[in-house]
>>> print(open('query-v8.csv').read())   # CSV, C-alpha atoms and all ligand atoms
chain,number,residue,atom,x,y,z
A,1,MET,CA,11.1,41.6,33.4
A,2,ILE,CA,13.7,43.4,35.7
A,3,ALA,CA,12.4,44.4,39.1
A,4,VAL,CA,13.4,47.9,40.2
A,5,GLY,CA,13.0,49.2,43.7
A,6,ALA,CA,10.7,52.2,43.2
A,7,GLN,CA,7.9,54.2,44.8
A,8,PRO,CA,5.1,53.8,45.4
A,9,PHE,CA,5.8,50.1,44.8
A,10,GLY,CA,8.1,48.0,42.6
A,11,TYR,CA,8.5,48.8,38.9
A,12,GLU,CA,8.9,46.1,36.3
A,13,LEU,CA,11.3,47.1,33.5
A,14,SER,CA,10.9,45.4,30.2
A,15,PRO,CA,14.4,44.6,28.8
A,16,GLY,CA,14.8,45.9,25.3
A,17,HIS,CA,11.3,47.5,25.3
A,18,THR,CA,12.1,50.3,27.7
A,19,ALA,CA,13.4,53.5,26.2
A,20,LEU,CA,15.6,55.8,28.2
A,21,VAL,CA,14.1,59.3,27.5
A,22,VAL,CA,16.4,62.3,28.0
A,23,ILE,CA,14.3,65.5,27.9
A,24,ASP,CA,15.7,68.8,26.6
A,25,MET,CA,19.3,68.6,28.0
A,26,GLN,CA,20.1,71.5,25.7
A,27,ARG,CA,22.5,74.3,26.1
A,28,ASP,CA,19.5,76.7,26.0
A,29,PHE,CA,18.3,75.4,29.4
A,30,VAL,CA,21.6,74.4,31.0
A,31,GLU,CA,24.1,77.1,30.0
A,32,PRO,CA,24.2,80.9,30.7
A,33,GLY,CA,22.8,83.1,27.9
A,34,GLY,CA,20.1,80.7,26.8
A,35,PHE,CA,16.3,80.5,27.0
A,36,GLY,CA,16.3,79.3,30.6
A,37,ALA,CA,18.5,82.2,31.7
A,38,SER,CA,16.3,84.6,29.7
A,39,LEU,CA,13.4,83.7,31.9
A,40,GLY,CA,15.4,84.7,35.0
A,41,ASN,CA,16.5,81.3,36.2
A,42,ASP,CA,19.8,80.1,37.8
A,43,VAL,CA,20.8,77.5,35.2
A,44,SER,CA,23.5,76.0,37.4
A,45,LEU,CA,20.7,74.3,39.5
A,46,LEU,CA,20.2,71.8,36.6
A,47,HIS,CA,23.8,70.5,36.5
A,48,THR,CA,23.4,67.8,39.2
A,49,ALA,CA,21.3,65.8,36.8
A,50,ILE,CA,24.1,65.4,34.3
A,51,PRO,CA,26.2,62.6,35.9
A,52,PRO,CA,23.2,60.3,36.6
A,53,ILE,CA,21.9,60.8,33.1
A,54,ALA,CA,25.3,59.9,31.7
A,55,ALA,CA,25.4,56.8,33.9
A,56,LEU,CA,22.0,55.7,32.6
A,57,LEU,CA,23.0,56.4,29.0
A,58,ALA,CA,26.1,54.2,29.5
A,59,ALA,CA,24.0,51.4,30.8
A,60,TRP,CA,21.4,51.6,28.0
A,61,ARG,CA,24.1,51.8,25.4
A,62,ALA,CA,25.9,48.8,26.8
A,63,ARG,CA,22.8,46.8,26.4
A,64,GLY,CA,21.8,48.1,23.0
A,65,TRP,CA,18.5,49.3,24.4
A,66,PRO,CA,16.6,52.3,22.9
A,67,VAL,CA,17.5,55.8,23.8
A,68,LEU,CA,15.4,58.9,22.9
A,69,HIS,CA,16.6,62.5,23.2
A,70,THR,CA,14.3,65.4,22.9
A,71,ARG,CA,14.9,69.1,22.1
A,72,GLU,CA,12.5,71.9,22.6
A,73,CYS,CA,13.0,74.1,19.5
A,74,HIS,CA,11.2,75.8,16.7
A,75,ARG,CA,11.7,76.3,12.9
A,76,PRO,CA,13.7,79.3,12.0
A,77,ASP,CA,10.5,81.0,10.6
A,78,LEU,CA,8.7,80.4,13.9
A,79,SER,CA,5.8,78.8,12.0
A,80,ASP,CA,5.5,76.1,14.7
A,81,CYS,CA,5.8,78.6,17.6
A,82,PRO,CA,2.4,79.9,18.6
A,83,PRO,CA,2.4,83.6,19.3
A,84,ALA,CA,0.9,82.8,22.7
A,85,LYS,CA,4.1,81.0,23.6
A,86,ARG,CA,6.5,83.6,22.2
A,87,GLU,CA,4.8,86.6,23.7
A,88,ARG,CA,4.3,85.1,27.2
A,89,GLY,CA,5.7,87.0,30.1
A,90,ASP,CA,8.6,89.5,30.2
A,91,PRO,CA,11.8,87.6,29.4
A,92,THR,CA,15.1,89.4,28.6
A,93,LEU,CA,15.1,87.6,25.2
A,94,ARG,CA,12.2,85.9,23.4
A,95,ILE,CA,12.1,82.7,21.4
A,96,GLY,CA,13.8,83.4,18.1
A,97,ASP,CA,15.7,86.5,19.4
A,98,PRO,CA,19.5,86.4,18.9
A,99,GLY,CA,21.6,85.6,22.0
A,100,PRO,CA,25.1,84.5,22.7
A,101,MET,CA,24.4,80.9,21.6
A,102,GLY,CA,22.4,82.0,18.5
A,103,ARG,CA,18.7,82.5,18.2
A,104,LEU,CA,16.9,81.2,21.3
A,105,LEU,CA,15.2,77.8,20.9
A,106,ILE,CA,15.7,77.6,17.2
A,107,ALA,CA,16.6,74.3,15.5
A,108,GLY,CA,20.1,74.4,14.1
A,109,GLU,CA,21.4,77.1,16.5
A,110,ALA,CA,24.1,76.3,19.0
A,111,GLY,CA,21.8,76.8,22.0
A,112,ALA,CA,19.3,74.2,20.7
A,113,ASP,CA,22.1,71.5,20.7
A,114,ILE,CA,22.2,68.9,23.4
A,115,ILE,CA,25.1,69.6,25.8
A,116,PRO,CA,28.3,67.8,24.8
A,117,ALA,CA,28.4,65.6,28.0
A,118,LEU,CA,25.1,64.0,26.9
A,119,ALA,CA,25.5,64.1,23.1
A,120,PRO,CA,23.4,61.5,21.3
A,121,ALA,CA,25.2,58.5,19.9
A,122,PRO,CA,24.7,57.3,16.3
A,123,GLY,CA,21.4,55.6,16.0
A,124,GLU,CA,19.7,57.2,19.0
A,125,TRP,CA,16.5,59.0,18.4
A,126,VAL,CA,16.5,62.8,18.5
A,127,ILE,CA,13.0,64.3,18.6
A,128,ASP,CA,12.5,68.0,18.0
A,129,LYS,CA,9.4,69.2,19.7
A,130,PRO,CA,7.6,72.6,19.5
A,131,GLY,CA,5.8,72.0,22.8
A,132,LYS,CA,6.6,71.1,26.3
A,133,GLY,CA,5.3,67.6,25.8
A,134,MET,CA,7.1,65.2,23.5
A,135,PHE,CA,4.0,63.8,21.8
A,136,TRP,CA,2.6,67.1,20.6
A,137,ALA,CA,3.2,67.5,16.8
A,138,THR,CA,6.1,65.0,16.7
A,139,GLY,CA,4.6,61.7,15.5
A,140,LEU,CA,6.4,60.0,18.3
A,141,HIS,CA,3.6,57.7,19.5
A,142,GLU,CA,3.5,55.9,16.1
A,143,ARG,CA,7.3,55.5,16.1
A,144,LEU,CA,7.4,54.1,19.6
A,145,GLN,CA,4.6,51.7,18.7
A,146,ALA,CA,6.4,50.5,15.6
A,147,ALA,CA,9.5,49.9,17.6
A,148,GLY,CA,7.7,47.9,20.2
A,149,ILE,CA,8.5,50.2,23.1
A,150,THR,CA,6.1,49.8,26.0
A,151,HIS,CA,8.0,51.3,28.9
A,152,LEU,CA,9.7,54.7,29.3
A,153,LEU,CA,12.2,55.9,31.9
A,154,PHE,CA,12.2,59.7,32.1
A,155,THR,CA,15.2,62.0,32.8
A,156,GLY,CA,16.1,65.5,31.9
A,157,VAL,CA,14.8,69.1,32.4
A,158,THR,CA,12.8,70.6,33.8
A,159,THR,CA,11.0,68.2,36.1
A,160,GLU,CA,7.7,70.0,36.3
A,161,VAL,CA,7.6,71.5,32.8
A,162,CYS,CA,8.8,69.4,29.9
A,163,VAL,CA,9.5,66.2,31.8
A,164,GLN,CA,6.2,66.1,33.7
A,165,THR,CA,4.2,67.1,30.6
A,166,SER,CA,5.9,64.4,28.5
A,167,MET,CA,5.4,61.8,31.2
A,168,ARG,CA,1.7,62.6,31.5
A,169,GLU,CA,1.2,62.4,27.8
A,170,ALA,CA,3.0,59.1,27.8
A,171,ASN,CA,0.9,57.7,30.6
A,172,ASP,CA,-2.3,58.6,28.8
A,173,ARG,CA,-1.0,56.7,25.7
A,174,GLY,CA,-0.5,53.5,27.8
A,175,TYR,CA,3.3,53.6,28.4
A,176,VAL,CA,4.5,52.3,31.7
A,177,CYS,CA,6.5,55.2,33.0
A,178,LEU,CA,9.2,55.8,35.7
A,179,ILE,CA,10.9,59.1,36.5
A,180,VAL,CA,14.5,58.9,37.7
A,181,GLU,CA,14.7,61.2,40.7
A,182,ASP,CA,18.3,62.4,40.6
A,183,ALA,CA,18.4,62.4,36.7
A,184,THR,CA,15.9,65.3,36.5
A,185,GLU,CA,16.1,68.8,37.8
A,186,SER,CA,14.2,72.0,38.1
A,187,TYR,CA,15.0,75.7,38.5
A,188,PHE,CA,12.7,75.4,41.5
A,189,PRO,CA,13.6,72.7,44.0
A,190,GLU,CA,10.1,72.9,45.6
A,191,PHE,CA,8.5,72.3,42.2
A,192,LYS,CA,10.7,69.3,41.6
A,193,ARG,CA,9.6,67.8,44.9
A,194,ALA,CA,6.0,68.5,44.3
A,195,ALA,CA,6.1,67.1,40.7
A,196,LEU,CA,7.7,63.8,41.9
A,197,ASP,CA,5.1,63.6,44.7
A,198,MET,CA,2.1,64.2,42.4
A,199,ILE,CA,3.4,61.7,39.8
A,200,SER,CA,3.8,58.8,42.2
A,201,ALA,CA,0.8,59.6,44.5
A,202,GLN,CA,-2.5,57.7,44.4
A,203,GLY,CA,-0.9,54.4,43.4
A,204,ALA,CA,1.4,55.8,40.7
A,205,ILE,CA,-1.3,57.8,39.1
A,206,VAL,CA,1.2,59.1,36.5
A,207,GLY,CA,4.0,56.7,37.1
A,208,TRP,CA,6.8,55.4,39.3
A,209,ARG,CA,9.8,57.2,40.8
A,210,ALA,CA,13.2,55.8,41.7
A,211,PRO,CA,16.8,57.0,42.1
A,212,SER,CA,19.3,56.1,39.4
A,213,SER,CA,21.1,53.9,41.9
A,214,ALA,CA,18.0,51.6,42.1
A,215,VAL,CA,17.7,51.4,38.3
A,216,LEU,CA,21.4,50.7,37.8
A,217,SER,CA,21.7,48.1,40.6
A,218,ALA,CA,18.6,46.3,39.2
A,219,LEU,CA,20.3,46.2,35.8
A,220,ASP,CA,23.6,45.0,37.3
A,221,ALA,CA,21.8,42.2,39.1
A,222,ASN,CA,20.5,40.9,35.8
A,223,ALA,CA,22.5,39.4,33.0
A,224,VAL,CA,22.9,41.7,30.0
A,225,SER,CA,20.0,40.9,27.7
A,226,ARG,CA,18.5,42.4,24.6
B,1,LIG,N1,11.1,76.9,31.8
B,1,LIG,C1,11.2,75.7,32.1
B,1,LIG,O1,11.2,75.3,33.3
B,1,LIG,N2,11.2,74.7,31.1
B,1,LIG,C2,11.0,74.9,29.8
B,1,LIG,O2,10.6,75.9,29.3
B,1,LIG,N3,11.2,73.8,29.0
B,1,LIG,C3,11.6,72.5,29.5
B,1,LIG,O3,11.3,72.2,30.6
B,1,LIG,N4,12.3,71.8,28.7
>>> encode(input="query-v8.csv", output="structure tokens", more="lines below")
Ligand code: TIU
Amino acid sequence: MIAVGAQPFGYELSPGHTALVVIDMQRDFVEPGGFGASLGNDVSLLHTAIPPIAALLAAWRARGWPVLHTRECHRPDLSDCPPAKRERGDPTLRIGDPGPMGRLLIAGEAGADIIPALAPAPGEWVIDKPGKGMFWATGLHERLQAAGITHLLFTGVTTEVCVQTSMREANDRGYVCLIVEDATESYFPEFKRAALDMISAQGAIVGWRAPSSAVLSALDANAVSR
């Protein structure tokens, strides 16, 4: 095990059995004209998470460890998009409506793609999910179990929506989870702070938190192993 300095106490990372999870780093959330912007958000707030995610991806790839990307998106016929989700609120564009990057949150459209800076490498998992959480209607738990993955490091956007939902789902399924503080972002800085606090409170009730520097220095201090 590799010891990572974390809160509320040290995290033990299992080499080769810890997947790096990159949640929804899609153009639809990060670039102007997408779903995140349609909800009235300043998408530039998410950009600070990109370099730390890229550094973690490089570290995982160098070790041949598992990497998992998710995309929040729906089928073109919207058969997996509950009307209650599509009709919520008063966005400028709704899921499935045409926008400058194609139809919002629809698989295969440009906006649903992961941003080029964090593009999945060959062999990495890409999970399309119709919900905020990565386990709902994806079959992911069975795949992780079959691959022997026991630990998950969470990155991506947004902290209190898809990242937190996925981490809570993972915690309930028995995965040992850590969220990387600077590799996740929210449109609402106060929500990010609160989400990190509620995850790690009460003796890591949902999981651990640590900056990417703590993860990377822990890896550097250990010989490359698979
Ligand atoms: N709106 C918002 O903050 N997030 C989402 O709708 N999805 C994800 O977090 N990926």
>>> residues_near_ligand(input="query-v8.csv", ligand="ligand LIG 1 (chain B)", cutoff="6 Å", atoms="all atoms listed in the file", output="list in words")
Asp24, Gly36, Lys132, Val157, Thr158, Val161 and Cys162 of chain A
>>> atom_distance(input="query-v8.csv", atom1="atom CA of Arg63 of chain A", atom2="atom CA of Pro51 of chain A")
18.7 Å
>>> closest_atom_pairs(input="query-v8.csv", of="segment 10-30 of chain A", to="segment 190-214 of chain A", cutoff="12 Å", atoms="all atoms listed in the file", output="Markdown table")
| residue | atom | partner | partner_atom | distance |
| --- | --- | --- | --- | --- |
| A:Gly10 | CA | A:Trp208 | CA | 8.2 |
| A:Tyr11 | CA | A:Trp208 | CA | 6.8 |
| A:Glu12 | CA | A:Trp208 | CA | 10.0 |
| A:Leu13 | CA | A:Trp208 | CA | 11.1 |
| A:Leu20 | CA | A:Ser212 | CA | 11.8 |
>>> write_last_selection(input="query-v8.csv", atoms="C-alpha atoms", output="PDB file, keeping the file's coordinate frame")
ATOM      1  CA  GLY A  10       8.100  48.000  42.600  1.00  0.00           C
ATOM      2  CA  TYR A  11       8.500  48.800  38.900  1.00  0.00           C
ATOM      3  CA  GLU A  12       8.900  46.100  36.300  1.00  0.00           C
ATOM      4  CA  LEU A  13      11.300  47.100  33.500  1.00  0.00           C
ATOM      5  CA  LEU A  20      15.600  55.800  28.200  1.00  0.00           C
TER       6      LEU A  20
END
>>> closest_residue(input="query-v8.csv", among="A:Ala117, A:Ala112, A:Ile53, A:Val67", to="Ala183 of chain A", atoms="only C-alpha atoms")
A:Ile53
>>> atom_distance(input="query-v8.csv", atom1="atom CA of Leu93 of chain A", atom2="atom CA of Phe35 of chain A")
7.4 Å
>>> residues_near_point(input="query-v8.csv", point="(11.7, 76.4, 21.8)", cutoff="10 Å", atoms="all atoms listed in the file", output="VMD selection string")
chain A and resid 24 28 35 71 to 75 78 80 to 81 85 to 86 94 to 96 103 to 107 112 128 to 132
>>> residues_near_point(input="query-v8.csv", point="(6.8, 50.8, 28.0)", cutoff="6 Å", atoms="all atoms listed in the file", output="compact mmCIF listing (two decimals) with C-alpha atoms, in the coordinates of the input")
# COMPACT_ATOMS: atom_id res chain seq x y z
CA THR A 18 12.10 50.30 27.70
CA ILE A 149 8.50 50.20 23.10
CA THR A 150 6.10 49.80 26.00
CA HIS A 151 8.00 51.30 28.90
CA LEU A 152 9.70 54.70 29.30
CA TYR A 175 3.30 53.60 28.40
CA VAL A 176 4.50 52.30 31.70
>>> residues_around(input="query-v8.csv", residues="Leu68 of chain A", least_positions_apart="4", cutoff="9 Å", atoms="all atoms listed in the file", output="JSON, numbers by chain")
{"A": [19, 20, 21, 22, 23, 120, 124, 125, 126, 127]}
>>> atom_distance(input="query-v8.csv", atom1="atom CA of Ile115 of chain A", atom2="atom CA of Met25 of chain A")
6.3 Å
>>> closest_residue(input="query-v8.csv", among="A:Val163, A:Ala218, A:Met134, A:Ala54", to="Glu185 of chain A", atoms="only C-alpha atoms")
A:Val163
>>> closest_residue(input="query-v8.csv", among="A:Ile179, A:Ile114, A:Leu56, A:Ala62", to="Thr159 of chain A", atoms="all atoms listed in the file")
A:Ile179
>>> residues_around(input="query-v8.csv", residues="Pro116 of chain A", least_positions_apart="5", cutoff="12 Å", atoms="only C-alpha atoms", output="list of chain:residue names")
A:Met25, A:Gln26, A:Arg27, A:Val30, A:Glu31, A:Ile50, A:Ala54, A:Ala110, A:Gly111, A:Ala121
>>> closest_residue(input="query-v8.csv", among="A:Thr92, A:Ser186, A:Thr48, A:Ser14", to="Trp65 of chain A", atoms="only C-alpha atoms")
A:Ser14
>>> closest_residue(input="query-v8.csv", among="A:Gly89, A:Arg173, A:Arg168, A:Val4", to="Glu142 of chain A", atoms="all atoms listed in the file")
A:Arg173
>>> closest_residue(input="query-v8.csv", among="A:Ser217, A:Gly102, A:Pro8, A:Pro66", to="Arg143 of chain A", atoms="all atoms listed in the file")
A:Pro66
>>> decode(input="query-v8.csv", residues="segment 99-117 of chain A", atoms="N, CA, C and O atoms", output="short mmCIF file (atom, residue, chain, number, x, y, z; two decimals), in the first residue's frame")
data_model
loop_
_atom_site.label_atom_id
_atom_site.label_comp_id
_atom_site.auth_asym_id
_atom_site.auth_seq_id
_atom_site.Cartn_x
_atom_site.Cartn_y
_atom_site.Cartn_z
N GLY A 99 -27.40 23.20 -29.94
CA GLY A 99 -26.58 24.33 -29.50
C GLY A 99 -25.36 24.43 -30.39
O GLY A 99 -25.23 23.66 -31.36
N PRO A 100 -24.44 25.33 -30.06
CA PRO A 100 -23.25 25.52 -30.91
C PRO A 100 -22.33 24.30 -30.97
O PRO A 100 -21.56 24.17 -31.92
N MET A 101 -22.42 23.41 -29.97
CA MET A 101 -21.60 22.18 -29.99
C MET A 101 -22.47 20.96 -30.24
O MET A 101 -22.16 19.86 -29.79
N GLY A 102 -23.58 21.15 -30.95
CA GLY A 102 -24.50 20.04 -31.21
C GLY A 102 -25.58 19.97 -30.14
O GLY A 102 -25.73 20.87 -29.32
N ARG A 103 -26.33 18.87 -30.15
CA ARG A 103 -27.43 18.74 -29.19
C ARG A 103 -26.87 18.54 -27.78
O ARG A 103 -25.97 17.72 -27.56
N LEU A 104 -27.40 19.28 -26.84
CA LEU A 104 -26.87 19.28 -25.47
C LEU A 104 -26.97 17.92 -24.80
O LEU A 104 -28.04 17.29 -24.81
N LEU A 105 -25.83 17.48 -24.25
CA LEU A 105 -25.73 16.24 -23.47
C LEU A 105 -26.23 15.01 -24.23
O LEU A 105 -26.80 14.10 -23.64
N ILE A 106 -26.01 14.98 -25.55
CA ILE A 106 -26.39 13.82 -26.34
C ILE A 106 -25.12 13.09 -26.81
O ILE A 106 -24.20 13.70 -27.36
N ALA A 107 -25.09 11.78 -26.58
CA ALA A 107 -23.95 10.95 -26.99
C ALA A 107 -23.66 11.15 -28.47
O ALA A 107 -24.59 11.17 -29.29
N GLY A 108 -22.40 11.29 -28.79
CA GLY A 108 -21.99 11.43 -30.18
C GLY A 108 -21.90 12.86 -30.66
O GLY A 108 -21.31 13.13 -31.70
N GLU A 109 -22.48 13.80 -29.91
CA GLU A 109 -22.40 15.22 -30.29
C GLU A 109 -21.07 15.79 -29.75
O GLU A 109 -20.50 15.30 -28.77
N ALA A 110 -20.60 16.87 -30.38
CA ALA A 110 -19.30 17.43 -30.01
C ALA A 110 -19.27 17.85 -28.54
O ALA A 110 -18.27 17.69 -27.84
N GLY A 111 -20.37 18.39 -28.05
CA GLY A 111 -20.40 18.87 -26.67
C GLY A 111 -20.26 17.77 -25.65
O GLY A 111 -19.81 18.01 -24.52
N ALA A 112 -20.65 16.56 -26.00
CA ALA A 112 -20.56 15.43 -25.06
C ALA A 112 -19.14 14.87 -24.98
O ALA A 112 -18.83 14.08 -24.08
N ASP A 113 -18.27 15.27 -25.90
CA ASP A 113 -16.89 14.78 -25.90
C ASP A 113 -16.13 15.29 -24.69
O ASP A 113 -16.36 16.40 -24.20
N ILE A 114 -15.17 14.51 -24.26
CA ILE A 114 -14.23 14.95 -23.23
C ILE A 114 -13.29 15.98 -23.85
O ILE A 114 -12.92 15.86 -25.03
N ILE A 115 -12.93 17.01 -23.09
CA ILE A 115 -12.09 18.07 -23.64
C ILE A 115 -10.75 17.49 -24.14
O ILE A 115 -10.23 16.55 -23.54
N PRO A 116 -10.21 18.04 -25.23
CA PRO A 116 -8.99 17.46 -25.82
C PRO A 116 -7.84 17.33 -24.83
O PRO A 116 -7.08 16.36 -24.89
N ALA A 117 -7.70 18.28 -23.90
CA ALA A 117 -6.57 18.24 -22.96
C ALA A 117 -6.59 17.01 -22.07
O ALA A 117 -5.54 16.61 -21.53
#
